file input05.tsv (TSV, C-alpha atoms)
chain	number	residue	atom	x	y	z
A	147	MET	CA	4.92	-17.49	-32.91
A	148	THR	CA	2.96	-20.01	-30.86
A	149	LEU	CA	3.82	-22.47	-28.11
A	150	TRP	CA	1.26	-25.12	-27.09
A	151	GLY	CA	-1.42	-23.07	-28.80
A	152	TYR	CA	-0.56	-19.74	-27.08
A	153	GLU	CA	0.64	-16.68	-28.96
A	154	LEU	CA	4.00	-15.84	-27.42
A	155	TRP	CA	3.77	-12.10	-28.17
A	156	SER	CA	0.26	-11.97	-26.73
A	157	VAL	CA	1.46	-13.59	-23.51
A	158	THR	CA	4.45	-11.24	-23.43
A	159	LEU	CA	2.22	-8.17	-23.70
A	160	ALA	CA	-0.02	-9.46	-20.92
A	161	PHE	CA	2.95	-10.40	-18.74
A	162	ALA	CA	4.44	-6.90	-19.02
A	163	ARG	CA	1.45	-5.30	-17.30
A	164	ILE	CA	0.45	-8.19	-15.02
A	165	GLY	CA	4.00	-8.90	-13.88
A	166	ALA	CA	4.67	-5.27	-12.99
A	167	LEU	CA	1.43	-5.03	-11.02
A	168	VAL	CA	1.85	-8.34	-9.18
A	169	MET	CA	5.37	-7.38	-8.09
A	170	LEU	CA	3.95	-4.27	-6.37
A	171	MET	CA	0.45	-5.42	-5.37
A	172	PRO	CA	-0.34	-5.12	-1.64
A	173	GLY	CA	-0.19	-8.56	-0.09
A	174	LEU	CA	1.22	-10.51	-3.02
A	175	GLY	CA	3.92	-7.95	-3.74
A	176	GLU	CA	5.54	-7.94	-0.30
A	177	ALA	CA	9.27	-8.62	-0.06
A	178	ALA	CA	8.51	-11.63	2.16
A	179	VAL	CA	6.93	-13.37	-0.84
A	180	PRO	CA	9.71	-14.92	-2.98
A	181	ALA	CA	10.25	-13.13	-6.27
A	182	ARG	CA	10.08	-16.41	-8.19
A	183	ALA	CA	6.68	-17.18	-6.69
A	184	ARG	CA	5.39	-13.75	-7.70
A	185	LEU	CA	6.79	-14.05	-11.22
A	186	GLY	CA	5.42	-17.58	-11.59
A	187	PHE	CA	1.97	-16.46	-10.48
A	188	ALA	CA	2.11	-13.48	-12.86
A	189	LEU	CA	3.13	-15.76	-15.74
A	190	LEU	CA	0.27	-18.20	-15.10
A	191	LEU	CA	-2.17	-15.30	-14.85
A	192	SER	CA	-0.82	-13.86	-18.10
A	193	ILE	CA	-1.25	-17.16	-19.91
A	194	MET	CA	-4.89	-17.34	-18.77
A	195	LEU	CA	-5.78	-13.74	-19.62
A	196	ALA	CA	-3.69	-13.23	-22.76
A	197	PRO	CA	-6.19	-14.60	-25.31
A	198	GLU	CA	-8.87	-12.25	-23.96
A	199	VAL	CA	-7.02	-9.02	-23.18
A	200	ALA	CA	-3.87	-8.92	-25.31
A	201	PRO	CA	-4.29	-9.61	-29.04
A	202	ALA	CA	-1.20	-10.73	-30.92
A	203	PRO	CA	0.47	-7.79	-32.75
A	204	ASP	CA	1.04	-7.80	-36.48
A	205	ASP	CA	4.39	-6.00	-36.31
A	206	VAL	CA	6.98	-7.53	-34.00
A	207	TRP	CA	9.15	-4.39	-33.97
A	208	GLY	CA	6.20	-2.17	-33.14
A	209	ALA	CA	5.25	-4.58	-30.36
A	210	SER	CA	8.44	-3.67	-28.50
A	211	GLY	CA	7.10	-0.17	-27.86
A	212	VAL	CA	3.76	-1.63	-26.81
A	213	VAL	CA	5.55	-3.80	-24.23
A	214	ILE	CA	7.14	-0.69	-22.71
A	215	GLY	CA	3.74	0.99	-22.55
A	216	GLU	CA	2.17	-2.04	-20.90
A	217	LEU	CA	5.00	-2.16	-18.37
A	218	ALA	CA	4.43	1.51	-17.56
A	219	VAL	CA	0.71	0.90	-16.99
A	220	GLY	CA	1.42	-1.99	-14.62
A	221	LEU	CA	3.98	0.02	-12.68
A	222	MET	CA	1.56	2.94	-12.39
A	223	LEU	CA	-1.32	0.81	-11.06
A	224	GLY	CA	0.83	-1.21	-8.68
A	225	GLY	CA	2.92	1.76	-7.59
A	226	VAL	CA	-0.10	3.85	-6.58
A	227	ALA	CA	-1.54	0.93	-4.62
A	228	ARG	CA	1.82	0.60	-2.88
A	229	ILE	CA	1.79	4.33	-2.10
A	230	VAL	CA	-1.62	3.98	-0.43
A	231	MET	CA	-0.16	1.08	1.56
A	232	THR	CA	2.45	3.43	3.04
A	233	GLY	CA	-0.34	5.29	4.85
A	234	LEU	CA	0.05	2.66	7.59
A	235	ALA	CA	3.74	3.50	7.96
A	236	THR	CA	2.82	7.19	8.21
A	237	ALA	CA	0.35	6.39	11.00
A	238	GLY	CA	3.02	4.38	12.79
A	239	GLN	CA	5.50	7.25	12.60
A	240	ILE	CA	2.95	9.71	13.99
A	241	PHE	CA	2.08	7.32	16.81
A	242	GLY	CA	5.78	6.86	17.64
A	243	LEU	CA	6.36	10.61	17.78
A	244	GLU	CA	3.37	11.12	20.07
A	245	THR	CA	4.28	8.35	22.51
A	246	GLY	CA	8.07	8.63	22.45
A	247	LEU	CA	8.55	5.30	20.66
A	248	SER	CA	9.84	6.73	17.39
A	249	PHE	CA	13.31	5.25	18.03
A	250	ALA	CA	11.99	1.79	18.93
A	251	GLN	CA	13.04	-0.42	16.01
A	252	THR	CA	12.28	-4.04	15.20
A	253	ASN	CA	12.73	-6.38	12.26
A	254	ASP	CA	10.12	-5.95	9.53
A	255	PRO	CA	9.38	-9.41	8.06
A	256	LEU	CA	7.55	-7.87	5.11
A	257	GLN	CA	10.43	-5.64	3.98
A	258	GLY	CA	13.36	-7.66	5.32
A	259	GLN	CA	14.84	-4.71	7.22
A	260	ALA	CA	14.43	-2.84	10.48
A	261	GLY	CA	11.42	-0.56	10.90
A	262	GLN	CA	9.61	1.55	13.45
A	263	ILE	CA	7.83	-0.86	15.77
A	264	ILE	CA	4.29	0.51	15.44
A	265	GLY	CA	4.69	0.97	11.69
A	266	VAL	CA	5.77	-2.68	11.39
A	267	PHE	CA	2.75	-3.79	13.42
A	268	LEU	CA	0.34	-1.77	11.28
A	269	GLY	CA	1.97	-3.07	8.10
A	270	LEU	CA	1.56	-6.67	9.23
A	271	LEU	CA	-2.03	-5.98	10.27
A	272	GLY	CA	-2.81	-4.34	6.93
A	273	THR	CA	-1.32	-7.23	4.94
A	274	THR	CA	-3.28	-9.72	7.04
A	275	LEU	CA	-6.50	-7.81	6.44
A	276	VAL	CA	-5.85	-7.74	2.68
A	277	PHE	CA	-5.94	-11.54	2.61
A	278	ALA	CA	-8.60	-11.92	5.33
A	279	THR	CA	-11.05	-9.70	3.41
A	280	ASN	CA	-10.11	-11.17	-0.02
A	281	LEU	CA	-9.03	-7.74	-1.16
A	282	HIS	CA	-6.35	-9.35	-3.32
A	283	HIS	CA	-9.20	-10.81	-5.40
A	284	VAL	CA	-10.46	-7.28	-5.99
A	285	PHE	CA	-7.00	-6.30	-7.23
A	286	LEU	CA	-6.99	-9.18	-9.69
A	287	ILE	CA	-10.46	-8.21	-10.95
A	288	GLY	CA	-9.30	-4.61	-11.26
A	289	LEU	CA	-6.27	-5.81	-13.21
A	290	ARG	CA	-8.52	-7.57	-15.72
A	291	ASP	CA	-10.82	-4.53	-15.97
A	292	SER	CA	-7.85	-2.21	-16.50
A	293	TYR	CA	-7.63	-3.48	-20.07
A	294	THR	CA	-10.94	-1.78	-20.84
A	295	VAL	CA	-9.60	1.56	-19.56
A	296	PHE	CA	-5.98	1.30	-20.74
A	297	GLN	CA	-6.28	-0.66	-23.95
A	298	VAL	CA	-3.28	-2.44	-25.37
A	299	GLY	CA	-1.43	-0.33	-27.93
A	300	GLN	CA	-2.88	3.01	-26.83
A	301	PRO	CA	-0.48	5.85	-25.84
A	302	PHE	CA	0.40	5.94	-22.17
A	303	PRO	CA	-1.73	8.62	-20.40
A	304	VAL	CA	1.06	10.62	-18.77
A	305	GLY	CA	-1.22	13.36	-17.42
A	306	ASP	CA	-3.75	10.97	-15.91
A	307	ALA	CA	-0.95	8.86	-14.42
A	308	ALA	CA	0.61	11.90	-12.74
A	309	GLU	CA	-2.75	12.98	-11.30
A	310	PHE	CA	-3.42	9.42	-10.13
A	311	ALA	CA	-0.06	9.26	-8.35
A	312	LEU	CA	-0.51	12.66	-6.68
A	313	THR	CA	-3.94	11.61	-5.46
A	314	GLY	CA	-2.41	8.43	-4.04
A	315	PHE	CA	0.22	10.41	-2.13
A	316	ALA	CA	-2.43	12.74	-0.72
A	317	ASP	CA	-4.68	9.88	0.34
A	318	ALA	CA	-1.77	8.02	1.97
A	319	PHE	CA	-0.99	11.00	4.22
A	320	ARG	CA	-4.68	11.57	4.91
A	321	ILE	CA	-5.25	7.97	5.95
A	322	GLY	CA	-2.13	7.95	8.12
A	323	LEU	CA	-3.31	11.04	9.96
A	324	GLN	CA	-6.85	9.66	10.32
A	325	ILE	CA	-5.58	6.44	11.90
A	326	ALA	CA	-3.32	8.34	14.32
A	327	ALA	CA	-5.76	11.24	14.94
A	328	PRO	CA	-7.07	9.90	18.31
A	329	VAL	CA	-3.51	9.62	19.62
A	330	VAL	CA	-2.65	13.11	18.35
A	331	VAL	CA	-5.69	14.70	20.04
A	332	ALA	CA	-5.17	12.78	23.28
A	333	GLY	CA	-1.48	13.69	23.29
A	334	LEU	CA	-2.31	17.38	22.96
A	335	VAL	CA	-4.75	17.23	25.88
A	336	PHE	CA	-2.26	15.21	27.93
A	337	ARG	CA	0.52	17.73	27.39
A	338	LEU	CA	-1.74	20.61	28.33
A	339	GLY	CA	-2.56	18.78	31.55
A	340	LEU	CA	1.14	18.23	32.23
A	341	GLY	CA	1.80	21.93	31.75
A	342	VAL	CA	-0.86	22.82	34.30
A	343	LEU	CA	0.50	20.17	36.70
A	344	ALA	CA	4.04	21.51	36.35
A	345	ARG	CA	2.84	25.00	37.26
A	346	LEU	CA	0.79	23.84	40.22
A	347	ALA	CA	3.40	21.46	41.62
A	348	PRO	CA	6.90	22.46	40.44
A	349	SER	CA	8.57	19.92	42.73
A	350	ILE	CA	7.09	16.95	40.82
A	351	GLN	CA	9.34	15.39	38.19
A	352	VAL	CA	6.78	15.67	35.42
A	353	PHE	CA	8.90	13.94	32.77
A	354	PHE	CA	9.41	10.72	34.78
A	355	VAL	CA	5.73	10.62	35.71
A	356	ALA	CA	4.45	11.45	32.25
A	357	MET	CA	6.53	9.07	30.11
A	358	PRO	CA	5.01	5.76	31.31
A	359	LEU	CA	1.52	7.25	31.32
A	360	ASN	CA	2.06	8.62	27.81
A	361	ILE	CA	3.05	5.22	26.44
A	362	LEU	CA	0.28	3.36	28.27
A	363	GLY	CA	-2.38	5.87	27.26
A	364	GLY	CA	-1.16	5.85	23.67
A	365	PHE	CA	-1.54	2.08	23.41
A	366	VAL	CA	-5.00	2.19	24.97
A	367	ILE	CA	-6.20	4.88	22.57
A	368	LEU	CA	-4.63	3.12	19.58
A	369	THR	CA	-6.42	-0.09	20.55
A	370	LEU	CA	-9.77	1.66	20.85
A	371	GLY	CA	-9.51	3.53	17.54
A	372	LEU	CA	-7.59	1.01	15.46
A	373	SER	CA	-10.60	-0.83	14.02
A	374	ALA	CA	-12.19	2.35	12.66
A	375	GLY	CA	-8.89	3.55	11.18
A	376	MET	CA	-8.19	0.23	9.47
A	377	LEU	CA	-11.70	0.16	8.00
A	378	VAL	CA	-11.04	3.58	6.44
A	379	TRP	CA	-7.74	2.33	5.06
A	380	LEU	CA	-9.30	-0.84	3.62
A	381	ASP	CA	-12.11	1.15	2.01
A	382	THR	CA	-9.62	3.51	0.34
A	383	LEU	CA	-7.42	0.64	-0.83
A	384	GLU	CA	-10.45	-1.16	-2.28
A	385	THR	CA	-11.42	2.00	-4.14
A	386	TYR	CA	-7.97	2.12	-5.74
A	387	ALA	CA	-8.16	-1.60	-6.49
A	388	ARG	CA	-11.35	-0.94	-8.46
A	389	GLY	CA	-9.63	1.86	-10.37
A	390	GLY	CA	-11.53	4.85	-8.95
A	391	ARG	CA	-11.55	7.32	-6.05
call {"tool": "encode", "arguments": {"input": "input05.tsv", "output": "structure tokens"}}
result
Amino acid sequence: MTLWGYELWSVTLAFARIGALVMLMPGLGEAAVPARARLGFALLLSIMLAPEVAPAPDDVWGASGVVIGELAVGLMLGGVARIVMTGLATAGQIFGLETGLSFAQTNDPLQGQAGQIIGVFLGLLGTTLVFATNLHHVFLIGLRDSYTVFQVGQPFPVGDAAEFALTGFADAFRIGLQIAAPVVVAGLVFRLGLGVLARLAPSIQVFFVAMPLNILGGFVILTLGLSAGMLVWLDTLETYARGGR
């Protein structure tokens, strides 16, 4: 079946993988981007890539199973990239716990719901950096190259997908801790100093003195170490966008 010279089944096979990935891709796959815009972009991309990456099947009934496999591949690639994206939320939670701002909530424009204030800031910063560094182009190139690794019609690699997802979870927690590590170390030293101060001067209300200093010092340290942490996060996300570790 053809429409304007395009094989409909070929476009459908391409759209199954591309649509699933675009709906979850960092930057383009945010909830703030309208779903129709994402689906329209995925459809246009599928029409362009279908003649090259998705040959038309001979058996229509057998193609139904291939569509499910292509959908699973797209969800795996986009889902792992989304998991790595959550490393910023992990860093925000750690920062909030260290500075006492874990209960400070604000509206998250990316997710359309309330979120921890530092986690929301880091998420917005990460999304901005994805577009500022053209990392979304790397994701699109990786999507095209994924057809050489996961060829259309091949069985879905369940074992490799599970290992890929577990690695993504591990890297997300690692990156979150790396971004928040300066605040964690400074918080430990600060609390040790407060303990010594409380022993030397029991009459001082340590809690009321420490809380403003803890928040101020946390913001200063986060500002100083944020650039290095975000570079580590971008490097890891680019590695996943290229399909490797």
call {"tool": "closest_residue", "arguments": {"input": "input05.tsv", "among": "A:Leu343, A:Ala162, A:Leu189, A:Val219", "to": "Phe310 of chain A", "atoms": "only C-alpha atoms"}}
result
A:Val219
call {"tool": "residues_around", "arguments": {"input": "input05.tsv", "residues": "Gly211 of chain A", "least_positions_apart": "5", "cutoff": "10 Å", "atoms": "all atoms listed in the file", "output": "list of chain:residue names"}}
result
A:Val206, A:Glu216, A:Leu217, A:Gly299, A:Pro301
call {"tool": "closest_residue", "arguments": {"input": "input05.tsv", "among": "A:Gly339, A:Pro172, A:Gly375, A:Gly322", "to": "Gly225 of chain A", "atoms": "all atoms listed in the file"}}
result
A:Pro172
call {"tool": "residues_around", "arguments": {"input": "input05.tsv", "residues": "Gly371 of chain A", "least_positions_apart": "6", "cutoff": "12 Å", "atoms": "all atoms listed in the file", "output": "PyMOL selection string"}}
result
chain A and resi 324-330+332+364-365+377-378
call {"tool": "closest_atom_pairs", "arguments": {"input": "input05.tsv", "of": "segment 197-290 of chain A", "to": "segment 344-361 of chain A", "cutoff": "12 Å", "atoms": "all atoms listed in the file", "output": "JSON lines"}}
result
{"residue": "A:Phe241", "atom": "CA", "partner": "A:Ile361", "partner_atom": "CA", "distance": 9.9}
{"residue": "A:Gly242", "atom": "CA", "partner": "A:Ile361", "partner_atom": "CA", "distance": 9.4}
{"residue": "A:Leu243", "atom": "CA", "partner": "A:Ile361", "partner_atom": "CA", "distance": 10.7}
{"residue": "A:Glu244", "atom": "CA", "partner": "A:Asn360", "partner_atom": "CA", "distance": 8.2}
{"residue": "A:Thr245", "atom": "CA", "partner": "A:Ile361", "partner_atom": "CA", "distance": 5.2}
{"residue": "A:Gly246", "atom": "CA", "partner": "A:Ile361", "partner_atom": "CA", "distance": 7.3}
{"residue": "A:Leu247", "atom": "CA", "partner": "A:Ile361", "partner_atom": "CA", "distance": 8.0}
{"residue": "A:Ser248", "atom": "CA", "partner": "A:Ile361", "partner_atom": "CA", "distance": 11.4}
call {"tool": "write_last_selection", "arguments": {"input": "input05.tsv", "atoms": "C-alpha atoms", "output": "short mmCIF file (atom, residue, chain, number, x, y, z; two decimals), in the coordinates of the input"}}
result
data_model
loop_
_atom_site.label_atom_id
_atom_site.label_comp_id
_atom_site.auth_asym_id
_atom_site.auth_seq_id
_atom_site.Cartn_x
_atom_site.Cartn_y
_atom_site.Cartn_z
CA PHE A 241 2.08 7.32 16.81
CA GLY A 242 5.78 6.86 17.64
CA LEU A 243 6.36 10.61 17.78
CA GLU A 244 3.37 11.12 20.07
CA THR A 245 4.28 8.35 22.51
CA GLY A 246 8.07 8.63 22.45
CA LEU A 247 8.55 5.30 20.66
CA SER A 248 9.84 6.73 17.39
#
call {"tool": "atom_distance", "arguments": {"input": "input05.tsv", "atom1": "atom CA of Ala311 of chain A", "atom2": "atom CA of Leu167 of chain A"}}
result
14.6 Å
call {"tool": "atom_distance", "arguments": {"input": "input05.tsv", "atom1": "atom CA of Leu190 of chain A", "atom2": "atom CA of Val276 of chain A"}}
result
21.5 Å
call {"tool": "closest_residue", "arguments": {"input": "input05.tsv", "among": "A:Met194, A:Val157, A:Ile263, A:Ala177", "to": "Arg290 of chain A", "atoms": "only C-alpha atoms"}}
result
A:Met194
